[in-house]
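Novice: Below is the file start_30.tsv, with TSV, C-alpha atoms and all ligand atoms.
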chain	number	residue	atom	x	y	z
A	1	MET	CA	-3.54	-22.73	-17.79
A	2	THR	CA	-4.26	-19.79	-15.50
A	3	ASP	CA	-5.42	-16.44	-16.82
A	4	ARG	CA	-2.20	-14.97	-15.56
A	5	LEU	CA	-0.29	-17.13	-18.01
A	6	ARG	CA	-2.81	-16.69	-20.81
A	7	VAL	CA	-2.55	-12.91	-20.70
A	8	ALA	CA	1.16	-12.13	-20.55
A	9	ARG	CA	1.82	-9.12	-18.40
A	10	PRO	CA	4.35	-6.43	-19.28
A	11	PRO	CA	6.67	-4.99	-16.58
A	12	VAL	CA	4.59	-3.73	-13.70
A	13	ALA	CA	5.11	-1.49	-10.65
A	14	GLU	CA	3.40	-2.08	-7.32
A	15	LEU	CA	2.61	1.24	-5.63
A	16	HIS	CA	0.26	0.33	-2.82
A	17	VAL	CA	1.50	-2.37	-0.47
A	18	HIS	CA	1.89	-2.19	3.30
A	19	LEU	CA	4.92	-4.03	4.62
A	20	GLU	CA	3.04	-5.05	7.77
A	21	GLY	CA	0.32	-6.48	5.53
A	22	THR	CA	2.78	-8.92	3.98
A	23	LEU	CA	3.29	-10.83	7.24
A	24	GLU	CA	2.10	-14.35	6.44
A	25	PRO	CA	0.41	-16.33	9.24
A	26	ALA	CA	3.22	-18.91	9.45
A	27	PHE	CA	5.81	-16.11	9.67
A	28	ILE	CA	3.78	-14.42	12.43
A	29	ILE	CA	3.64	-17.58	14.55
A	30	GLU	CA	7.31	-18.40	13.92
A	31	THR	CA	8.59	-14.88	14.66
A	32	ALA	CA	6.40	-14.62	17.78
A	33	GLY	CA	8.06	-17.81	19.05
A	34	GLU	CA	11.56	-16.55	18.28
A	35	ASN	CA	10.94	-13.18	19.93
A	36	GLY	CA	9.00	-14.51	22.93
A	37	ILE	CA	5.86	-12.52	22.02
A	38	ASP	CA	2.62	-13.68	23.56
A	39	LEU	CA	0.00	-13.49	20.79
A	40	PRO	CA	-3.67	-14.22	21.46
A	41	TRP	CA	-3.56	-17.13	18.96
A	42	ARG	CA	-3.24	-20.71	20.29
A	43	SER	CA	-2.00	-22.08	16.96
A	44	LEU	CA	-1.53	-21.33	13.27
A	45	GLU	CA	-5.06	-22.64	12.65
A	46	HIS	CA	-6.48	-20.36	15.32
A	47	LEU	CA	-4.76	-17.38	13.70
A	48	GLU	CA	-5.93	-18.41	10.21
A	49	ALA	CA	-9.51	-18.50	11.49
A	50	GLN	CA	-9.35	-14.71	12.16
A	51	TYR	CA	-9.19	-13.58	8.52
A	52	ASP	CA	-12.89	-12.95	7.96
A	53	PHE	CA	-13.35	-9.18	7.84
A	54	THR	CA	-16.51	-7.10	7.96
A	55	ASP	CA	-14.94	-3.69	7.26
A	56	LEU	CA	-11.63	-1.81	7.37
A	57	GLN	CA	-11.54	-1.61	11.18
A	58	SER	CA	-12.02	-5.35	11.69
A	59	PHE	CA	-8.97	-5.94	9.50
A	60	LEU	CA	-6.89	-3.23	11.19
A	61	ASP	CA	-7.62	-4.80	14.58
A	62	LEU	CA	-5.96	-8.03	13.44
A	63	LEU	CA	-3.14	-6.33	11.51
A	64	TYR	CA	-2.14	-4.23	14.52
A	65	VAL	CA	-1.94	-7.25	16.85
A	66	ASN	CA	0.09	-9.36	14.44
A	67	LEU	CA	2.67	-6.72	13.51
A	68	GLU	CA	3.88	-6.74	17.13
A	69	VAL	CA	6.02	-9.79	16.33
A	70	LEU	CA	8.44	-7.44	14.52
A	71	ARG	CA	11.09	-6.39	17.02
A	72	ASP	CA	14.63	-5.97	15.71
A	73	ALA	CA	16.20	-4.79	12.47
A	74	ASP	CA	16.58	-8.39	11.27
A	75	ASP	CA	12.81	-8.94	11.60
A	76	PHE	CA	12.12	-5.87	9.46
A	77	ALA	CA	14.71	-7.00	6.94
A	78	ALA	CA	13.25	-10.53	6.86
A	79	VAL	CA	9.69	-9.45	6.11
A	80	THR	CA	10.89	-7.00	3.46
A	81	HIS	CA	13.09	-9.64	1.87
A	82	ARG	CA	10.19	-12.10	1.71
A	83	TYR	CA	7.89	-9.54	0.12
A	84	LEU	CA	10.46	-8.62	-2.54
A	85	ALA	CA	11.04	-12.28	-3.45
A	86	ARG	CA	7.29	-12.95	-3.69
A	87	ALA	CA	6.59	-9.73	-5.59
A	88	SER	CA	9.39	-10.47	-8.02
A	89	ALA	CA	7.84	-13.89	-8.67
A	90	ALA	CA	4.55	-12.06	-9.35
A	91	GLY	CA	6.25	-9.96	-12.04
A	92	VAL	CA	6.80	-6.76	-10.06
A	93	ARG	CA	9.83	-4.82	-11.30
A	94	HIS	CA	9.49	-1.72	-9.13
A	95	ALA	CA	7.81	-1.44	-5.71
A	96	GLU	CA	6.87	1.54	-3.54
A	97	ILE	CA	6.33	0.18	-0.07
A	98	PHE	CA	4.47	1.65	2.94
A	99	PHE	CA	5.39	1.06	6.53
A	100	ASP	CA	3.43	2.38	9.54
A	101	ILE	CA	5.99	4.19	11.68
A	102	GLN	CA	3.78	4.70	14.75
A	103	ALA	CA	2.89	1.00	14.86
A	104	HIS	CA	6.49	0.41	15.88
A	105	THR	CA	7.69	3.52	17.70
A	106	ARG	CA	4.70	3.37	20.07
A	107	ARG	CA	6.03	-0.05	21.17
A	108	GLY	CA	9.44	1.44	21.90
A	109	ILE	CA	11.12	0.38	18.66
A	110	PRO	CA	13.29	3.22	17.32
A	111	ALA	CA	12.64	4.56	13.82
A	112	GLU	CA	16.34	3.84	13.15
A	113	THR	CA	15.76	0.11	13.71
A	114	VAL	CA	12.65	0.00	11.53
A	115	ILE	CA	14.01	1.99	8.61
A	116	GLY	CA	17.51	0.52	8.87
A	117	GLY	CA	16.16	-3.04	8.70
A	118	ILE	CA	13.83	-2.35	5.80
A	119	ARG	CA	16.47	-0.43	3.84
A	120	SER	CA	19.06	-3.20	4.12
A	121	ALA	CA	16.60	-5.61	2.48
A	122	LEU	CA	15.61	-3.07	-0.20
A	123	ASP	CA	19.29	-2.71	-1.14
A	124	ARG	CA	19.51	-6.48	-1.47
A	125	GLY	CA	16.35	-6.50	-3.57
A	126	LEU	CA	18.14	-4.61	-6.28
A	127	THR	CA	20.98	-7.13	-6.43
A	128	ASP	CA	18.85	-10.25	-5.87
A	129	HIS	CA	15.85	-9.41	-8.06
A	130	GLY	CA	16.82	-6.35	-10.08
A	131	MET	CA	13.91	-4.63	-8.35
A	132	THR	CA	13.97	-0.89	-7.75
A	133	THR	CA	12.08	0.40	-4.73
A	134	LYS	CA	10.87	3.46	-2.83
A	135	LEU	CA	10.02	3.60	0.86
A	136	ILE	CA	6.97	5.54	2.04
A	137	MET	CA	6.47	6.26	5.73
A	138	SER	CA	2.79	6.21	6.54
A	139	PHE	CA	0.97	7.81	9.47
A	140	TRP	CA	-2.06	6.50	11.31
A	141	ARG	CA	-4.73	9.13	10.69
A	142	ASP	CA	-6.67	8.11	13.82
A	143	LEU	CA	-3.77	9.26	16.02
A	144	PRO	CA	-3.30	12.99	16.75
A	145	PRO	CA	-1.61	14.90	13.88
A	146	GLY	CA	0.97	16.14	16.42
A	147	ASP	CA	2.16	12.56	16.78
A	148	ALA	CA	2.77	12.35	13.03
A	149	MET	CA	4.58	15.72	13.14
A	150	ASP	CA	6.91	14.45	15.88
A	151	ALA	CA	7.63	11.22	13.98
A	152	LEU	CA	8.37	13.08	10.75
A	153	ALA	CA	10.55	15.68	12.50
A	154	HIS	CA	12.60	12.92	14.10
A	155	VAL	CA	13.13	11.05	10.83
A	156	LEU	CA	14.13	14.27	9.05
A	157	ASP	CA	16.45	15.40	11.85
A	158	ALA	CA	18.11	12.01	11.97
A	159	GLY	CA	18.46	11.94	8.17
A	160	LEU	CA	16.79	8.53	7.92
A	161	PRO	CA	16.29	7.46	4.30
A	162	ILE	CA	12.64	7.62	3.29
A	163	ASP	CA	11.25	8.70	-0.08
A	164	GLY	CA	7.80	9.88	0.83
A	165	ILE	CA	4.93	9.96	3.31
A	166	GLY	CA	1.43	8.48	3.31
A	167	LEU	CA	-1.72	8.40	5.45
A	168	ASP	CA	-3.63	5.25	6.39
A	169	SER	CA	-5.63	3.42	9.11
A	170	ALA	CA	-9.30	4.19	9.98
A	171	GLU	CA	-10.51	6.74	7.42
A	172	VAL	CA	-14.03	7.91	8.28
A	173	GLY	CA	-13.93	10.80	10.77
A	174	TYR	CA	-10.24	11.52	10.11
A	175	PRO	CA	-10.22	13.84	7.07
A	176	PRO	CA	-6.99	14.83	5.28
A	177	SER	CA	-7.48	18.43	6.50
A	178	LEU	CA	-6.13	17.33	9.90
A	179	PHE	CA	-2.71	16.73	8.38
A	180	VAL	CA	-2.01	19.95	6.47
A	181	GLU	CA	1.04	20.88	8.58
A	182	VAL	CA	2.55	17.38	8.39
A	183	TYR	CA	2.27	17.35	4.62
A	184	ARG	CA	3.71	20.85	4.33
A	185	MET	CA	6.74	19.76	6.34
A	186	ALA	CA	7.20	16.69	4.15
A	187	ARG	CA	6.90	18.66	0.89
A	188	ASP	CA	9.33	21.29	2.17
A	189	ALA	CA	11.79	18.45	2.84
A	190	GLY	CA	11.46	17.28	-0.77
A	191	LEU	CA	9.54	14.10	0.04
A	192	HIS	CA	6.87	12.59	-2.17
A	193	VAL	CA	3.36	12.79	-0.74
A	194	VAL	CA	0.47	10.34	-1.12
A	195	ALA	CA	-2.60	9.54	1.03
A	196	HIS	CA	-5.30	6.91	1.34
A	197	ALA	CA	-8.61	8.60	0.51
A	198	GLY	CA	-11.98	7.48	-0.81
A	199	GLU	CA	-11.63	3.87	0.39
A	200	GLU	CA	-14.35	3.93	3.07
A	201	GLY	CA	-14.36	7.73	3.27
A	202	PRO	CA	-16.28	10.06	0.91
A	203	ALA	CA	-15.15	11.64	-2.36
A	204	GLU	CA	-14.75	14.87	-0.40
A	205	TYR	CA	-11.69	13.35	1.33
A	206	VAL	CA	-10.10	12.82	-2.11
A	207	ARG	CA	-10.68	16.51	-2.87
A	208	GLU	CA	-9.15	17.49	0.47
A	209	ALA	CA	-6.13	15.28	-0.14
A	210	LEU	CA	-5.57	17.05	-3.47
A	211	ASP	CA	-6.38	20.62	-2.41
A	212	LEU	CA	-4.97	20.69	1.12
A	213	LEU	CA	-2.24	18.04	1.21
A	214	HIS	CA	-1.25	18.43	-2.47
A	215	VAL	CA	-0.83	14.68	-2.85
A	216	GLU	CA	0.77	13.37	-6.02
A	217	ARG	CA	-1.20	10.13	-5.90
A	218	VAL	CA	-4.37	8.88	-4.19
A	219	ASP	CA	-4.44	5.42	-2.59
A	220	HIS	CA	-7.72	3.61	-3.34
A	221	GLY	CA	-9.86	6.61	-4.38
A	222	ILE	CA	-12.67	4.36	-5.59
A	223	ARG	CA	-15.38	6.49	-3.99
A	224	SER	CA	-14.30	9.36	-6.28
A	225	LEU	CA	-16.77	7.87	-8.76
A	226	GLU	CA	-19.60	9.28	-6.66
A	227	ASP	CA	-18.54	12.79	-7.72
A	228	PRO	CA	-18.52	13.37	-11.51
A	229	ASP	CA	-16.75	16.75	-11.24
A	230	LEU	CA	-13.99	15.14	-9.23
A	231	VAL	CA	-13.66	12.34	-11.79
A	232	GLU	CA	-13.32	14.92	-14.55
A	233	ARG	CA	-10.55	16.63	-12.59
A	234	LEU	CA	-8.71	13.36	-11.85
A	235	VAL	CA	-8.80	12.44	-15.54
A	236	ARG	CA	-7.73	15.91	-16.70
A	237	ASP	CA	-4.84	16.16	-14.22
A	238	ARG	CA	-3.84	12.50	-14.65
A	239	VAL	CA	-3.92	11.91	-10.90
A	240	PRO	CA	-2.86	8.32	-10.22
A	241	LEU	CA	-5.25	6.12	-8.21
A	242	THR	CA	-3.74	2.96	-6.71
A	243	VAL	CA	-6.63	0.51	-6.71
A	244	CYS	CA	-6.60	-2.75	-4.71
A	245	PRO	CA	-9.33	-5.12	-5.98
A	246	LEU	CA	-8.97	-8.08	-3.59
A	247	SER	CA	-8.68	-5.70	-0.64
A	248	ASN	CA	-11.89	-3.90	-1.61
A	249	VAL	CA	-13.81	-7.17	-1.77
A	250	ARG	CA	-12.38	-8.61	1.46
A	251	LEU	CA	-13.05	-5.36	3.38
A	252	ARG	CA	-16.50	-5.12	1.80
A	253	THR	CA	-15.99	-1.68	0.27
A	254	VAL	CA	-17.51	-3.39	-2.75
A	255	ASP	CA	-19.98	-6.29	-2.43
A	256	THR	CA	-18.38	-8.71	-4.88
A	257	MET	CA	-15.64	-8.61	-7.52
A	258	ALA	CA	-18.39	-8.31	-10.15
A	259	ASP	CA	-19.32	-4.95	-8.56
A	260	HIS	CA	-15.77	-3.61	-8.57
A	261	PRO	CA	-15.49	-0.27	-10.41
A	262	LEU	CA	-12.11	-1.00	-12.03
A	263	PRO	CA	-13.49	-1.49	-15.59
A	264	ARG	CA	-15.54	1.70	-15.26
A	265	MET	CA	-12.48	3.58	-14.01
A	266	LEU	CA	-10.53	2.40	-17.06
A	267	GLU	CA	-13.36	3.40	-19.37
A	268	LEU	CA	-13.50	6.86	-17.82
A	269	GLY	CA	-9.82	7.30	-18.59
A	270	LEU	CA	-8.63	7.44	-14.97
A	271	LEU	CA	-4.97	6.68	-14.34
A	272	VAL	CA	-5.64	3.49	-12.33
A	273	SER	CA	-3.19	0.77	-11.37
A	274	VAL	CA	-3.75	-2.62	-9.72
A	275	ASN	CA	-2.10	-3.26	-6.34
A	276	SER	CA	-2.23	-5.80	-3.50
A	277	ASP	CA	-2.54	-3.52	-0.38
A	278	ASP	CA	-2.08	-6.19	2.33
A	279	PRO	CA	-1.48	-9.37	0.33
A	280	ALA	CA	-1.09	-11.76	3.28
A	281	TYR	CA	-4.54	-10.73	4.51
A	282	PHE	CA	-6.61	-10.38	1.36
A	283	GLY	CA	-5.93	-13.53	-0.62
A	284	GLY	CA	-2.92	-12.77	-2.73
A	285	TYR	CA	-0.10	-10.78	-4.17
A	286	LEU	CA	-0.11	-8.69	-7.34
A	287	ASP	CA	-0.48	-11.72	-9.63
A	288	ALA	CA	-3.61	-12.82	-7.75
A	289	ASN	CA	-5.07	-9.33	-8.04
A	290	PHE	CA	-4.47	-9.30	-11.80
A	291	ASP	CA	-5.87	-12.83	-12.09
A	292	ALA	CA	-9.00	-11.79	-10.21
A	293	VAL	CA	-9.82	-8.83	-12.45
A	294	VAL	CA	-8.81	-10.56	-15.69
A	295	THR	CA	-11.06	-13.51	-14.83
A	296	GLN	CA	-13.97	-11.44	-13.53
A	297	PHE	CA	-14.06	-8.88	-16.33
A	298	GLY	CA	-12.49	-10.81	-19.18
A	299	LEU	CA	-9.87	-8.11	-19.60
A	300	ASP	CA	-7.92	-8.52	-22.82
A	301	ALA	CA	-4.18	-8.10	-23.34
A	302	GLY	CA	-4.70	-4.43	-24.24
A	303	ALA	CA	-6.39	-3.66	-20.92
A	304	VAL	CA	-3.71	-5.52	-18.98
A	305	GLU	CA	-1.06	-3.62	-20.91
A	306	GLN	CA	-2.82	-0.36	-20.03
A	307	LEU	CA	-2.93	-1.21	-16.31
A	308	ALA	CA	0.76	-2.15	-16.29
A	309	ARG	CA	1.69	1.00	-18.20
A	310	ASN	CA	-0.41	3.09	-15.79
A	311	SER	CA	1.49	1.61	-12.84
A	312	VAL	CA	4.83	2.62	-14.35
A	313	ASP	CA	3.52	6.09	-15.26
A	314	SER	CA	2.21	6.50	-11.68
A	315	ALA	CA	5.51	5.54	-10.02
A	316	PHE	CA	8.04	7.94	-8.51
A	317	LEU	CA	10.63	6.95	-11.10
A	318	ASP	CA	13.09	9.19	-12.89
A	319	PRO	CA	13.04	9.10	-16.72
A	320	VAL	CA	15.77	6.43	-16.85
A	321	GLY	CA	13.95	4.18	-14.37
A	322	ARG	CA	10.67	4.67	-16.22
A	323	ALA	CA	12.22	3.95	-19.59
A	324	ARG	CA	13.63	0.67	-18.20
A	325	LEU	CA	10.06	-0.51	-17.59
A	326	HIS	CA	8.29	0.83	-20.70
A	401	LIG	N1	-6.55	1.33	4.41
A	401	LIG	C1	-6.22	1.97	5.53
A	401	LIG	N2	-5.23	1.56	6.31
A	401	LIG	C2	-4.54	0.48	5.95
A	401	LIG	C3	-4.83	-0.21	4.80
A	401	LIG	C4	-5.89	0.25	3.98
A	401	LIG	O1	-6.21	-0.28	2.90
A	401	LIG	N3	-3.96	-1.24	4.73
A	401	LIG	C5	-3.15	-1.14	5.82
A	401	LIG	N4	-3.50	-0.11	6.56
A	402	ZN	ZN	-3.62	0.54	1.86
Could the structure of this file be written out as structure tokens, please?
Specialist:
Amino acid sequence: MTDRLRVARPPVAELHVHLEGTLEPAFIIETAGENGIDLPWRSLEHLEAQYDFTDLQSFLDLLYVNLEVLRDADDFAAVTHRYLARASAAGVRHAEIFFDIQAHTRRGIPAETVIGGIRSALDRGLTDHGMTTKLIMSFWRDLPPGDAMDALAHVLDAGLPIDGIGLDSAEVGYPPSLFVEVYRMARDAGLHVVAHAGEEGPAEYVREALDLLHVERVDHGIRSLEDPDLVERLVRDRVPLTVCPLSNVRLRTVDTMADHPLPRMLELGLLVSVNSDDPAYFGGYLDANFDAVVTQFGLDAGAVEQLARNSVDSAFLDPVGRARLH
């Protein structure tokens, strides 16, 4: 019996998953064929041989090539639909999903196509799986902030349905302070705001995300532990941190799972949840991430319950939606 079955998991929310990171190798090869896209991979095996990462950038290089297979609204709907089915099987009852807008618009794909395709599948997810969802438009922080401003202005002007904004891609050298105006515009429009910080970047970036961008949640945030005053603040203010254990090991932000700070974060009283980040790239969906930490740290049912409860408490749910999952 697997640990996943031994430790029954209560309803859980997934709050840190990139839609482009759910593209499975077989789907990439198949969709490239259908759309006539010339990928650098000779075969499925050749593609599968690329998944050995040395750091965040080495992963992003592969992610950004592969996502080019997505072309029309049906492609965006198909990948979303597949994620929701797989996440539902993993026990996810509510998902807040990132997509990287510039990854698509820079290839000439309109935001309307991207968001329209994803939304149609999210609507089906509620009927097919009873799963509630939120959609978070993420910006590449290594592109000029003006580019993010333009993308956000367009989505707001066109009234396209997103629930929040995020910040991802290469972190070091691209501090949150660059994006103050973008985040102000999003908050003024009533959107939720989150940002990746403290994955490869320093604890100072987590502080900036809180103080300058006024984020409601920090994605990753594991390097916050290097700053005790910051930890105290995160605990006091119950700032959610969306932690991604398999991602951290595969991108070598931690050496091995045994070195992962998740148990310490729980002990410190941080509001941490477990998430899959880019499940098709890092060895598994939410169930695999739970399995990995339960097995590595011998987490008991109480700790698993706490992580699941944290995920629901960290979600952008209204009281009715939250009560459904508690
Ligand atoms: N960090 C930064 N950018 C990303 C990630 C991540 O974990 N996943 C997809 N884009
Ligand atoms: Zn991420």
Novice: For atom CA of Ala195 of chain A and atom CA of Pro110 of chain A, determine how far apart the two atoms are, in Å to one decimal place.
Specialist: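 These atoms are spaced 23.6 Å apart.
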Novice: So that I can see what lies close to segment 85-95 of chain A, please list as an mmCIF file with C-alpha atoms, keeping the file's coordinate frame the residues with an atom at most 8 Å from it, counting all atoms listed in the file and leaving out residues fewer than 3 positions away in the same chain.
Specialist:
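Done, and the output landed in selection.cif:
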data_model
loop_
_atom_site.group_PDB
_atom_site.id
_atom_site.type_symbol
_atom_site.label_atom_id
_atom_site.label_comp_id
_atom_site.auth_asym_id
_atom_site.auth_seq_id
_atom_site.Cartn_x
_atom_site.Cartn_y
_atom_site.Cartn_z
ATOM 1 C CA ARG A 9 1.820 -9.120 -18.400
ATOM 2 C CA PRO A 11 6.670 -4.990 -16.580
ATOM 3 C CA VAL A 12 4.590 -3.730 -13.700
ATOM 4 C CA ALA A 13 5.110 -1.490 -10.650
ATOM 5 C CA GLU A 14 3.400 -2.080 -7.320
ATOM 6 C CA LEU A 15 2.610 1.240 -5.630
ATOM 7 C CA HIS A 81 13.090 -9.640 1.870
ATOM 8 C CA ARG A 82 10.190 -12.100 1.710
ATOM 9 C CA GLY A 125 16.350 -6.500 -3.570
ATOM 10 C CA HIS A 129 15.850 -9.410 -8.060
ATOM 11 C CA GLY A 130 16.820 -6.350 -10.080
ATOM 12 C CA MET A 131 13.910 -4.630 -8.350
ATOM 13 C CA THR A 132 13.970 -0.890 -7.750
ATOM 14 C CA THR A 133 12.080 0.400 -4.730
ATOM 15 C CA LYS A 134 10.870 3.460 -2.830
ATOM 16 C CA TYR A 285 -0.100 -10.780 -4.170
ATOM 17 C CA LEU A 286 -0.110 -8.690 -7.340
ATOM 18 C CA ASP A 287 -0.480 -11.720 -9.630
ATOM 19 C CA LEU A 325 10.060 -0.510 -17.590
#
Novice: Distance atom CA of Pro319 of chain A-atom CA of Asn275 of chain A, one decimal place?
Specialist: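 According to the coordinates, atom CA of Pro319 of chain A and atom CA of Asn275 of chain A are separated by 22.1 Å.
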Novice: Please identify all polymer residues within 9 Å of His192 of chain A, counting all atoms listed in the file, omitting same-chain residues fewer than 3 positions from it, and present them as a VMD selection string.
Specialist: chain A and resid 136 163 to 166 186 to 187 215 to 216 316
Novice: From the set A:Val254, A:Leu210, A:Leu60, A:Ile97, which residue has the shortest atom-to-atom contact distance to Ala197 of chain A, counting only C-alpha atoms?
Specialist: A:Leu210
Novice: Rounded to one decimal, what separation in Å do you get between atom CA of Asp277 of chain A and atom CA of Ile28 of chain A?
Specialist: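 Atom CA of Ile28 of chain A lies at a distance of 18.0 Å from atom CA of Asp277 of chain A.
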Novice: My list of candidates is A:Arg124, A:Arg207, A:His220, A:Arg107. Which is closest to ligand LIG 401 (chain A) when distances are computed with only C-alpha atoms and all ligand atoms?
Specialist: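 Closest residue, counting only C-alpha atoms and all ligand atoms: A:His220.
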Novice: Just checking: using all atoms listed in the file, which residue out of A:Thr54, A:Leu62, A:Leu70, A:Leu135 ends up closest to Thr31 of chain A?
Specialist: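 Among the listed residues, the smallest separation from Thr31 of chain A belongs to A:Leu70.
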Novice: Compute the set of protein, DNA and RNA residues whose minimum atom distance to ligand LIG 401 (chain A) is at most 9 Å, using all atoms listed in the file, and state it as JSON, numbers by chain.
Specialist: {"A": [16, 17, 18, 19, 20, 21, 56, 57, 59, 60, 63, 98, 99, 100, 138, 140, 141, 167, 168, 169, 170, 171, 196, 197, 199, 200, 219, 220, 244, 247, 248, 251, 277, 278]}
Novice: Residues of the last selection are to be written out with C-alpha atoms, as a compact mmCIF listing (two decimals), keeping the file's coordinate frame.
Specialist:
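To be explicit, this is the file written out as part-v2.txt:
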# COMPACT_ATOMS: atom_id res chain seq x y z
CA HIS A 16 0.26 0.33 -2.82
CA VAL A 17 1.50 -2.37 -0.47
CA HIS A 18 1.89 -2.19 3.30
CA LEU A 19 4.92 -4.03 4.62
CA GLU A 20 3.04 -5.05 7.77
CA GLY A 21 0.32 -6.48 5.53
CA LEU A 56 -11.63 -1.81 7.37
CA GLN A 57 -11.54 -1.61 11.18
CA PHE A 59 -8.97 -5.94 9.50
CA LEU A 60 -6.89 -3.23 11.19
CA LEU A 63 -3.14 -6.33 11.51
CA PHE A 98 4.47 1.65 2.94
CA PHE A 99 5.39 1.06 6.53
CA ASP A 100 3.43 2.38 9.54
CA SER A 138 2.79 6.21 6.54
CA TRP A 140 -2.06 6.50 11.31
CA ARG A 141 -4.73 9.13 10.69
CA LEU A 167 -1.72 8.40 5.45
CA ASP A 168 -3.63 5.25 6.39
CA SER A 169 -5.63 3.42 9.11
CA ALA A 170 -9.30 4.19 9.98
CA GLU A 171 -10.51 6.74 7.42
CA HIS A 196 -5.30 6.91 1.34
CA ALA A 197 -8.61 8.60 0.51
CA GLU A 199 -11.63 3.87 0.39
CA GLU A 200 -14.35 3.93 3.07
CA ASP A 219 -4.44 5.42 -2.59
CA HIS A 220 -7.72 3.61 -3.34
CA CYS A 244 -6.60 -2.75 -4.71
CA SER A 247 -8.68 -5.70 -0.64
CA ASN A 248 -11.89 -3.90 -1.61
CA LEU A 251 -13.05 -5.36 3.38
CA ASP A 277 -2.54 -3.52 -0.38
CA ASP A 278 -2.08 -6.19 2.33
Novice: For Met257 of chain A, please output as a PDB file with C-alpha atoms, in the frame of the given file all residues within 9 Å (counting all atoms listed in the file; exclusion window: fewer than 5 positions along the same chain).
Specialist:
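Just written: result_21.pdb:
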ATOM      1  CA  PRO A 245      -9.330  -5.120  -5.980  1.00  0.00           C
ATOM      2  CA  LEU A 246      -8.970  -8.080  -3.590  1.00  0.00           C
ATOM      3  CA  ASN A 248     -11.890  -3.900  -1.610  1.00  0.00           C
ATOM      4  CA  VAL A 249     -13.810  -7.170  -1.770  1.00  0.00           C
ATOM      5  CA  ALA A 292      -9.000 -11.790 -10.210  1.00  0.00           C
ATOM      6  CA  VAL A 293      -9.820  -8.830 -12.450  1.00  0.00           C
ATOM      7  CA  GLN A 296     -13.970 -11.440 -13.530  1.00  0.00           C
ATOM      8  CA  PHE A 297     -14.060  -8.880 -16.330  1.00  0.00           C
TER       9      PHE A 297
END
Novice: Show me, as a list of chain:residue names, the residues that have an atom within 8 Å of segment 151-158 of chain A when counting all atoms listed in the file, minus same-chain residues fewer than 5 positions from it.
Specialist: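 Counting all atoms listed in the file, the residues come to A:Ile101, A:Gln102, A:Ala111, A:Val182, A:Ala186, A:Ala189.
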Novice: Calculated over only C-alpha atoms, which of the candidates A:Arg119, A:Arg223, A:Arg252, A:His104 has the smallest distance to Ser58 of chain A?
Specialist: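 Counting only C-alpha atoms, the residue closest to Ser58 of chain A is A:Arg252.
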Novice: Which one is closest to ligand ZN 402 (chain A): A:Tyr205, A:Tyr183, A:Phe282, A:Phe27? Count all atoms listed in the file.
Specialist: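 Ranking A:Tyr205, A:Tyr183, A:Phe282, A:Phe27 by distance to ligand ZN 402 (chain A), first place goes to A:Phe282.
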Novice: Between A:Ile37, A:Val274, A:Ala280, A:Ala148, which residue has the minimum interatomic distance to Glu181 of chain A, considering all atoms listed in the file?
Specialist: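 Looking at the shortest contact to Glu181 of chain A, the residue is A:Ala148.
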Novice: Will you model N, CA and C atoms for segment 158-168 of chain A and pass it back as a tab-separated table (two decimals), in the frame of the given file?
Specialist:
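Okay, this is what ended up in part_31.tsv:
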chain	number	residue	atom	x	y	z
A	158	ALA	N	17.13	13.09	11.92
A	158	ALA	CA	18.11	12.01	11.97
A	158	ALA	C	18.62	11.63	10.57
A	159	GLY	N	18.02	12.23	9.54
A	159	GLY	CA	18.46	11.94	8.17
A	159	GLY	C	18.18	10.51	7.75
A	160	LEU	N	17.10	9.93	8.27
A	160	LEU	CA	16.79	8.53	7.92
A	160	LEU	C	16.23	8.49	6.49
A	161	PRO	N	16.60	7.46	5.74
A	161	PRO	CA	16.29	7.46	4.30
A	161	PRO	C	14.88	6.98	3.96
A	162	ILE	N	13.97	7.93	3.82
A	162	ILE	CA	12.64	7.62	3.29
A	162	ILE	C	12.44	8.45	2.02
A	163	ASP	N	11.48	8.01	1.19
A	163	ASP	CA	11.25	8.70	-0.08
A	163	ASP	C	9.96	9.50	-0.09
A	164	GLY	N	9.07	9.18	0.84
A	164	GLY	CA	7.80	9.88	0.83
A	164	GLY	C	7.00	9.58	2.09
A	165	ILE	N	5.83	10.24	2.20
A	165	ILE	CA	4.93	9.96	3.31
A	165	ILE	C	3.53	9.60	2.78
A	166	GLY	N	2.80	8.86	3.63
A	166	GLY	CA	1.43	8.48	3.31
A	166	GLY	C	0.55	8.57	4.55
A	167	LEU	N	-0.74	8.29	4.37
A	167	LEU	CA	-1.72	8.40	5.45
A	167	LEU	C	-2.64	7.19	5.35
A	168	ASP	N	-2.74	6.42	6.47
A	168	ASP	CA	-3.63	5.25	6.39
A	168	ASP	C	-4.33	5.02	7.72
